Amino acid sequence: MRTVRRLYFYLLALIGSQALVWGAVNLLRNLINGSISGTMVSLATGLSLMLVGLPVFLLHWLTAQRDAARDEEEHASRIRAVFFYAVRVWTLIPIVYAGLALLNRLLAALMGLSTGGVLFGSGQSNTDNLIAIAVNLAIFLYFDSILRIDWQTAPPGHFLAESRRLYRYLWVLFGLAVTVFGVQGIFRYLLSVPGGLGASAGYLLANSLALALVGAPIWGYTWWLVQETLDEPGERASILRLVVLYLISLAGVVGVLASGGRVLSDVLALLLGRPLTLPEFLGESGPAMAVLIPLAVMWAYYGQVLDREMSAQAGGSPRRAGVRRLYRGMLSALGLAVSFAGVVTLIGYLSNTLIGRGSLPPALGDLNNGLAALAVGLPLWLVTWGRLQGEASARGEPGDRARRALVRRAYLYLFIFLFVVGMMAAAGNLFYHLIMHFLGTGEPAIAQLALERMLTVGAMAAFLVYHLRVLRADARAAQQAVGALHAAFPVLIIEQNAMPLAEMIVAALKRQAPRLSVAVHDLERGAPEDEMLSAKLIVLPSELAIDPPEVLELWLSAYKGRRLILPQEREGWTWLGLSHRAAGELAEEAAAAVRQMAEGEAPRGGLPSNPWSVAGYLLGGLFALQMLAALFALLVSSLFD
């Protein structure tokens with residue numbers, strides 16, 4: 001209830017402050033411009049916003065301030081921290097836009113261009129932008145002074161650091177995006193010089209220079225702040241930092257592959273006989289080249305940063321290896337997808353050439369597109385997949401862990417699934433057209449289509465066989481390594497009065513880990529034998545762990561191994577964070593935990609029982625798949641359009 005109340009007051013304070021700001025901006029613009037006639041709508045809008053925004057803001061903001069002064073929990077709340085940095089964003093964005101508009105018009109005027117054709121602030125005056133800057137800056141400075149006080153007086157457990165972290169990384173992304181757009185526009189202008197300049201080229205240069213001159217300082221300053229605070233608690237190891245670095249690096253990879261593929265395709269077409277002058281070539285390839293240059297620099301820089309971050313996180317730990325494996329798996333999947341798309345394009349070209357036309361025509365169109373896709377996708381796949389293979393072929397625990405990694409198994413099964421489905425689709429399409437042709441429908445170019453589909457099925461089969469062999473080799477190596485681990489991990493289950501649960505756990509372990517040595521001891525026969533102290537793990541119900549008999553307590557005092565407790569319902573006892581499990585389900589989870597511990601992993605719980613949590617996992621997975629599909633579609637369309 002307090003959270004809902006807190007959210008209400010801070011949200012209304014935020015909305016009221018924005019209404020107040022823009023009401024003041026409209027009024028000041030009317031007053032300073034000195035012309036009320038013809039601006040009655042703007043004047044009425046400004047007055048209305050101020051008359052509504054001022055009381056709403058004061059009522060809710062002063063209430064929130066009073067609550068924060070009285071209650072330490074209110075003062076340290078996450079909503080209050082988010083509010084301060086949200087106000088910063090909502091006031092700084094208009095300031096940035098106004099500065100961008102001023103600079104854009106100034107550059108256009110210096111180039112002798114009309115300010116009415118600029119991209120930013122074409123319908124505004126310098127006075128309009130300066131008023132927006134002044135009013136938003138005043139509100140920014142007011143809340144900044146309060147935020148500084150909060151930083152000095154914040155109690156332990158405050159959320160200012162995490163809100164500031166999110167705020168800074170958002171500005172890093174914003175500044176980097178604006179800078180990249182500006183730089184690519186400048187390169188587009190430079191590459192268009194041989195083809196002749198016009199008014200549109202001048203506006204392109206003015207707009208791009210304004211973007212670069214505004215975006216570069218924002219990105220540089222915020223990135224410097226982020227890097228300077230890495231030694232503060234929680235900064236370097238934050239999940240947000242890794243997510244941002246992943247997003248930037250993957251965006252750079254996709255952009256470099258797409259734009260590089262287009263440029264390489266045009267270069268190959270030129271080398272293979274397409275008649276193009278230099279201005280014509282730059283006119284066609286210039287936009288892709290302009291994008292390629294800044295994105296390649298961005299990928300190179302942030303790729304190194306990400307690599308250092310992955311190497312620095314808990315040096316040599318499985319977590320670091322898992323993060324690196326995920327990144328390489330994404331790059332490998334992207335490279336393989338682009339490579340196979342190039343193979344399919346070349347198959348279409350060859351089938352059309354050999355049967356459709358009878359002789360090899362000039363190497364244009366699909367040929368240079370397919371070769372370009374192979375040239376950019378194949379090296380990426382070979383390098384990243386080679387590293388993953390080298391990691392999996394290592395001896396000892398690192399290699400075993402790499403072969404059993406979820407990322408690797410998901411990668412292999414995903415492409416096996418895709419190639420099987422693709423073969424089914426291609427073969428089904430071939431059979432359909434053959435049947436229709438033999439039934440007398442006269443399918444056009446049936447020989448060419450049959451050759452194309454057979455070659456496609458053959459290419460898919462080759463990739464499928466390779467991935468199946470890798471998967472089987474992983475399974476054989478993992479089975480040998482896991483079997484050795486299981487054999488060296490004796491387990492003792494302690495029960496009382498012949499509990500059915502113990503028998504169910506033994507049965508589950510026989511299914512999940514047949515080579516694992518399991519012994520069951522009933523306390524009705526007394527304490528376990530001394531030789532059982534060599535067990536690597538003992539499993540006992542919570543009732544015996546909480547209130548053990550004297551014979552068991554003495555034996556446990558001498559036991560130095562690990563212990564796995566099975567939660568049981570007991571009157572007056574509540575297990576925080578655990579939901580009720582049926583005996584069969586509990587036995588399966590216990591067996592899975594024993595197997596994971598025998599393999600050197602931490603036991604993992606099952607899926608959450610909360611339906612909202614399950615729905616969240618499903619929606620998150622679907623969203624991630626849609627994002628990956630959209631990125632791949634963008635890449636393919638850029639390469640083959």
# chains A, B, ... in the order shown; residues from 1 in each chain; ligands from 1

$ residues_around --residues "Ile493 of chain A" --least-positions-apart "4" --cutoff "9 Å" --atoms "only C-alpha atoms" --output "JSON, numbers by chain"
{"A": [502, 505, 506, 518, 519, 520, 521, 522, 537, 538, 539, 540]}

$ write_last_selection --atoms "N, CA and C atoms" --output "mmCIF file, in the first residue's frame"
data_model
loop_
_atom_site.group_PDB
_atom_site.id
_atom_site.type_symbol
_atom_site.label_atom_id
_atom_site.label_comp_id
_atom_site.auth_asym_id
_atom_site.auth_seq_id
_atom_site.Cartn_x
_atom_site.Cartn_y
_atom_site.Cartn_z
ATOM 1 N N ALA A 502 12.741 -42.203 0.326
ATOM 2 C CA ALA A 502 14.102 -42.672 0.063
ATOM 3 C C ALA A 502 14.116 -43.621 -1.131
ATOM 4 N N ILE A 505 13.777 -41.625 -4.319
ATOM 5 C CA ILE A 505 15.013 -40.925 -4.696
ATOM 6 C C ILE A 505 16.000 -41.895 -5.324
ATOM 7 N N VAL A 506 16.123 -43.103 -4.749
ATOM 8 C CA VAL A 506 17.026 -44.111 -5.314
ATOM 9 C C VAL A 506 16.603 -44.463 -6.733
ATOM 10 N N VAL A 518 24.865 -45.294 -4.523
ATOM 11 C CA VAL A 518 23.879 -44.815 -3.547
ATOM 12 C C VAL A 518 23.671 -45.887 -2.494
ATOM 13 N N ALA A 519 23.721 -45.467 -1.241
ATOM 14 C CA ALA A 519 23.425 -46.363 -0.120
ATOM 15 C C ALA A 519 22.331 -45.730 0.723
ATOM 16 N N VAL A 520 21.463 -46.573 1.295
ATOM 17 C CA VAL A 520 20.368 -46.107 2.150
ATOM 18 C C VAL A 520 20.551 -46.730 3.528
ATOM 19 N N HIS A 521 20.473 -45.883 4.550
ATOM 20 C CA HIS A 521 20.619 -46.383 5.921
ATOM 21 C C HIS A 521 19.410 -45.947 6.730
ATOM 22 N N ASP A 522 18.782 -46.935 7.370
ATOM 23 C CA ASP A 522 17.637 -46.678 8.237
ATOM 24 C C ASP A 522 18.138 -46.568 9.678
ATOM 25 N N LEU A 537 28.353 -37.079 -0.047
ATOM 26 C CA LEU A 537 27.115 -36.339 0.214
ATOM 27 C C LEU A 537 26.176 -37.229 1.004
ATOM 28 N N ILE A 538 25.518 -36.645 1.991
ATOM 29 C CA ILE A 538 24.441 -37.352 2.672
ATOM 30 C C ILE A 538 23.146 -36.598 2.413
ATOM 31 N N VAL A 539 22.089 -37.350 2.245
ATOM 32 C CA VAL A 539 20.754 -36.803 2.008
ATOM 33 C C VAL A 539 19.887 -37.221 3.185
ATOM 34 N N LEU A 540 19.286 -36.242 3.839
ATOM 35 C CA LEU A 540 18.440 -36.580 4.975
ATOM 36 C C LEU A 540 17.265 -35.616 5.035
#

$ select_by_dssp --residues "segment 44-242 of chain A" --states "alpha helix (DSSP H)" --output "VMD selection string"
chain A and resid 44 to 70 72 to 75 78 to 110 126 to 153 160 to 192 199 to 228 239 to 242

$ write_last_selection --atoms "C-alpha atoms" --output "compact mmCIF listing (two decimals), in the first residue's frame"
# COMPACT_ATOMS: atom_id res chain seq x y z
CA ALA A 44 -3.82 29.89 -23.67
CA THR A 45 -1.88 26.65 -23.68
CA GLY A 46 0.90 28.11 -21.56
CA LEU A 47 -1.47 29.63 -19.01
CA SER A 48 -3.49 26.43 -18.78
CA LEU A 49 -0.42 24.29 -18.22
CA MET A 50 0.88 26.59 -15.49
CA LEU A 51 -2.48 26.93 -13.73
CA VAL A 52 -2.89 23.17 -13.68
CA GLY A 53 0.74 22.10 -13.29
CA LEU A 54 1.77 24.45 -10.43
CA PRO A 55 -0.75 23.29 -7.79
CA VAL A 56 -0.42 19.62 -8.82
CA PHE A 57 3.35 19.80 -8.59
CA LEU A 58 3.46 21.68 -5.28
CA LEU A 59 0.86 19.50 -3.57
CA HIS A 60 2.47 16.18 -4.50
CA TRP A 61 6.12 17.23 -4.35
CA LEU A 62 5.83 18.91 -0.95
CA THR A 63 3.98 15.87 0.39
CA ALA A 64 6.70 13.57 -0.91
CA GLN A 65 9.38 15.79 0.64
CA ARG A 66 7.60 15.82 3.99
CA ASP A 67 7.28 12.02 3.95
CA ALA A 68 10.97 11.63 3.08
CA ALA A 69 11.98 13.94 5.95
CA ARG A 70 9.88 11.99 8.46
CA GLU A 72 13.85 6.89 6.54
CA GLU A 73 12.22 4.22 4.37
CA GLU A 74 10.63 6.92 2.22
CA HIS A 75 13.94 8.72 1.97
CA ARG A 78 13.70 3.13 -5.08
CA ILE A 79 10.80 5.20 -6.44
CA ARG A 80 12.30 8.41 -5.03
CA ALA A 81 15.68 7.59 -6.59
CA VAL A 82 14.10 6.82 -9.96
CA PHE A 83 12.09 10.06 -9.75
CA PHE A 84 15.21 12.22 -9.42
CA TYR A 85 16.93 10.69 -12.42
CA ALA A 86 13.71 10.68 -14.46
CA VAL A 87 13.42 14.43 -13.86
CA ARG A 88 17.02 14.78 -15.01
CA VAL A 89 16.26 12.94 -18.24
CA TRP A 90 13.06 14.89 -18.92
CA THR A 91 14.80 18.21 -18.48
CA LEU A 92 18.09 17.41 -20.18
CA ILE A 93 16.54 16.01 -23.37
CA PRO A 94 14.84 19.35 -24.26
CA ILE A 95 18.12 21.13 -23.44
CA VAL A 96 20.03 18.79 -25.75
CA TYR A 97 17.45 19.22 -28.51
CA ALA A 98 17.47 23.00 -28.18
CA GLY A 99 21.27 23.06 -28.31
CA LEU A 100 21.18 20.79 -31.35
CA ALA A 101 18.70 23.10 -33.08
CA LEU A 102 20.82 26.19 -32.34
CA LEU A 103 23.94 24.49 -33.68
CA ASN A 104 22.16 23.10 -36.73
CA ARG A 105 20.82 26.49 -37.78
CA LEU A 106 24.20 28.14 -37.11
CA LEU A 107 26.05 25.64 -39.31
CA ALA A 108 23.48 26.01 -42.09
CA ALA A 109 23.81 29.81 -41.96
CA LEU A 110 27.62 29.58 -42.10
CA ASN A 126 17.14 31.24 -31.30
CA THR A 127 14.97 32.89 -28.65
CA ASP A 128 12.62 29.89 -28.56
CA ASN A 129 15.51 27.49 -27.97
CA LEU A 130 17.22 29.69 -25.38
CA ILE A 131 13.99 29.99 -23.37
CA ALA A 132 13.55 26.20 -23.42
CA ILE A 133 17.14 25.78 -22.25
CA ALA A 134 16.78 28.36 -19.45
CA VAL A 135 13.53 26.99 -18.00
CA ASN A 136 14.56 23.33 -18.17
CA LEU A 137 17.98 24.17 -16.76
CA ALA A 138 16.39 25.98 -13.81
CA ILE A 139 14.27 22.92 -12.95
CA PHE A 140 17.27 20.65 -13.47
CA LEU A 141 19.44 22.68 -11.09
CA TYR A 142 16.69 22.77 -8.45
CA PHE A 143 16.26 19.00 -8.37
CA ASP A 144 20.02 18.50 -8.72
CA SER A 145 20.57 20.43 -5.49
CA ILE A 146 18.06 18.22 -3.67
CA LEU A 147 19.60 15.10 -5.18
CA ARG A 148 23.04 16.13 -3.92
CA ILE A 149 21.60 16.49 -0.42
CA ASP A 150 20.02 13.06 -0.72
CA TRP A 151 23.35 11.55 -1.71
CA GLN A 152 24.94 13.04 1.40
CA THR A 153 22.16 12.03 3.81
CA LEU A 160 20.49 6.07 -5.74
CA ALA A 161 23.49 4.16 -7.07
CA GLU A 162 21.48 1.75 -9.20
CA SER A 163 19.27 4.56 -10.54
CA ARG A 164 22.34 6.63 -11.40
CA ARG A 165 23.87 3.62 -13.13
CA LEU A 166 20.81 3.17 -15.35
CA TYR A 167 20.70 6.92 -16.02
CA ARG A 168 24.32 7.05 -17.12
CA TYR A 169 24.13 4.01 -19.37
CA LEU A 170 21.04 5.40 -21.07
CA TRP A 171 22.99 8.55 -21.87
CA VAL A 172 25.92 6.44 -23.09
CA LEU A 173 23.60 4.66 -25.52
CA PHE A 174 21.93 7.90 -26.57
CA GLY A 175 25.20 9.76 -27.09
CA LEU A 176 26.76 6.86 -28.97
CA ALA A 177 23.75 6.49 -31.28
CA VAL A 178 23.68 10.23 -32.05
CA THR A 179 27.44 10.24 -32.67
CA VAL A 180 27.25 7.26 -35.03
CA PHE A 181 24.41 8.89 -37.00
CA GLY A 182 26.37 12.12 -37.22
CA VAL A 183 29.64 10.48 -38.30
CA GLN A 184 27.98 8.32 -40.92
CA GLY A 185 26.28 11.43 -42.33
CA ILE A 186 29.64 13.19 -42.58
CA PHE A 187 31.12 10.22 -44.43
CA ARG A 188 28.11 10.12 -46.75
CA TYR A 189 28.77 13.75 -47.60
CA LEU A 190 32.47 13.12 -48.23
CA LEU A 191 31.77 10.10 -50.42
CA SER A 192 29.22 12.08 -52.46
CA ALA A 199 21.78 21.91 -51.61
CA SER A 200 20.77 18.51 -50.21
CA ALA A 201 24.44 17.64 -49.67
CA GLY A 202 24.93 20.90 -47.77
CA TYR A 203 22.01 20.18 -45.49
CA LEU A 204 23.31 16.64 -44.97
CA LEU A 205 26.65 18.04 -43.84
CA ALA A 206 25.08 20.66 -41.56
CA ASN A 207 22.72 18.13 -39.94
CA SER A 208 25.45 15.51 -39.52
CA LEU A 209 27.97 17.94 -38.07
CA ALA A 210 25.38 19.12 -35.55
CA LEU A 211 24.63 15.53 -34.52
CA ALA A 212 28.31 14.65 -34.18
CA LEU A 213 29.21 17.84 -32.26
CA VAL A 214 26.36 17.26 -29.79
CA GLY A 215 26.49 13.45 -29.52
CA ALA A 216 30.26 13.03 -29.14
CA PRO A 217 30.57 15.16 -25.96
CA ILE A 218 27.52 13.45 -24.42
CA TRP A 219 28.89 10.00 -25.15
CA GLY A 220 32.46 10.89 -24.19
CA TYR A 221 31.52 12.51 -20.88
CA THR A 222 29.04 9.87 -19.74
CA TRP A 223 31.32 7.01 -20.79
CA TRP A 224 34.17 8.65 -18.89
CA LEU A 225 31.93 8.90 -15.81
CA VAL A 226 30.99 5.23 -16.15
CA GLN A 227 34.60 4.16 -16.46
CA GLU A 228 35.73 6.37 -13.56
CA ILE A 239 24.34 -7.01 -14.93
CA LEU A 240 23.31 -3.73 -16.56
CA ARG A 241 26.90 -3.06 -17.65
CA LEU A 242 27.19 -6.45 -19.31

$ residues_around --residues "Leu554 of chain A" --least-positions-apart "3" --cutoff "12 Å" --atoms "only C-alpha atoms" --output "ChimeraX atom specification"
/A:526-530,533,548-551,557-559

$ write_last_selection --atoms "N, CA and C atoms" --output "CSV table (one decimal), in the first residue's frame"
chain,number,residue,atom,x,y,z
A,526,GLY,N,20.3,-48.3,14.0
A,526,GLY,CA,21.4,-47.6,14.7
A,526,GLY,C,22.1,-46.6,13.8
A,527,ALA,N,23.2,-46.1,14.3
A,527,ALA,CA,24.0,-45.1,13.6
A,527,ALA,C,24.7,-45.7,12.4
A,528,PRO,N,24.9,-44.9,11.3
A,528,PRO,CA,25.6,-45.5,10.1
A,528,PRO,C,27.0,-46.0,10.5
A,529,GLU,N,27.5,-46.9,9.7
A,529,GLU,CA,28.9,-47.4,10.0
A,529,GLU,C,29.9,-46.3,9.7
A,530,ASP,N,31.1,-46.5,10.4
A,530,ASP,CA,32.1,-45.5,10.2
A,530,ASP,C,32.6,-45.4,8.8
A,533,LEU,N,31.4,-42.6,6.6
A,533,LEU,CA,31.8,-41.3,6.7
A,533,LEU,C,32.6,-40.8,5.4
A,548,PRO,N,17.9,-34.3,15.2
A,548,PRO,CA,18.4,-35.6,15.0
A,548,PRO,C,18.4,-36.5,16.3
A,549,PRO,N,18.2,-37.8,16.2
A,549,PRO,CA,18.4,-38.6,17.3
A,549,PRO,C,19.9,-38.5,17.8
A,550,GLU,N,20.1,-39.0,19.0
A,550,GLU,CA,21.5,-38.8,19.6
A,550,GLU,C,22.5,-39.6,18.8
A,551,VAL,N,22.2,-40.8,18.3
A,551,VAL,CA,23.1,-41.6,17.6
A,551,VAL,C,23.5,-40.9,16.3
A,557,SER,N,28.5,-35.3,13.8
A,557,SER,CA,29.6,-34.4,14.2
A,557,SER,C,30.9,-34.9,13.7
A,558,ALA,N,31.0,-36.1,13.3
A,558,ALA,CA,32.3,-36.6,12.7
A,558,ALA,C,32.3,-36.6,11.2
A,559,TYR,N,31.1,-36.3,10.6
A,559,TYR,CA,31.0,-36.3,9.1
A,559,TYR,C,31.5,-34.9,8.6

$ atom_distance --atom1 "atom CA of Pro398 of chain A" --atom2 "atom CA of Tyr301 of chain A"
28.5 Å

$ atom_distance --atom1 "atom CA of Leu354 of chain A" --atom2 "atom CA of Phe419 of chain A"
25.6 Å

$ atom_distance --atom1 "atom CA of Val344 of chain A" --atom2 "atom CA of Met423 of chain A"
12.4 Å
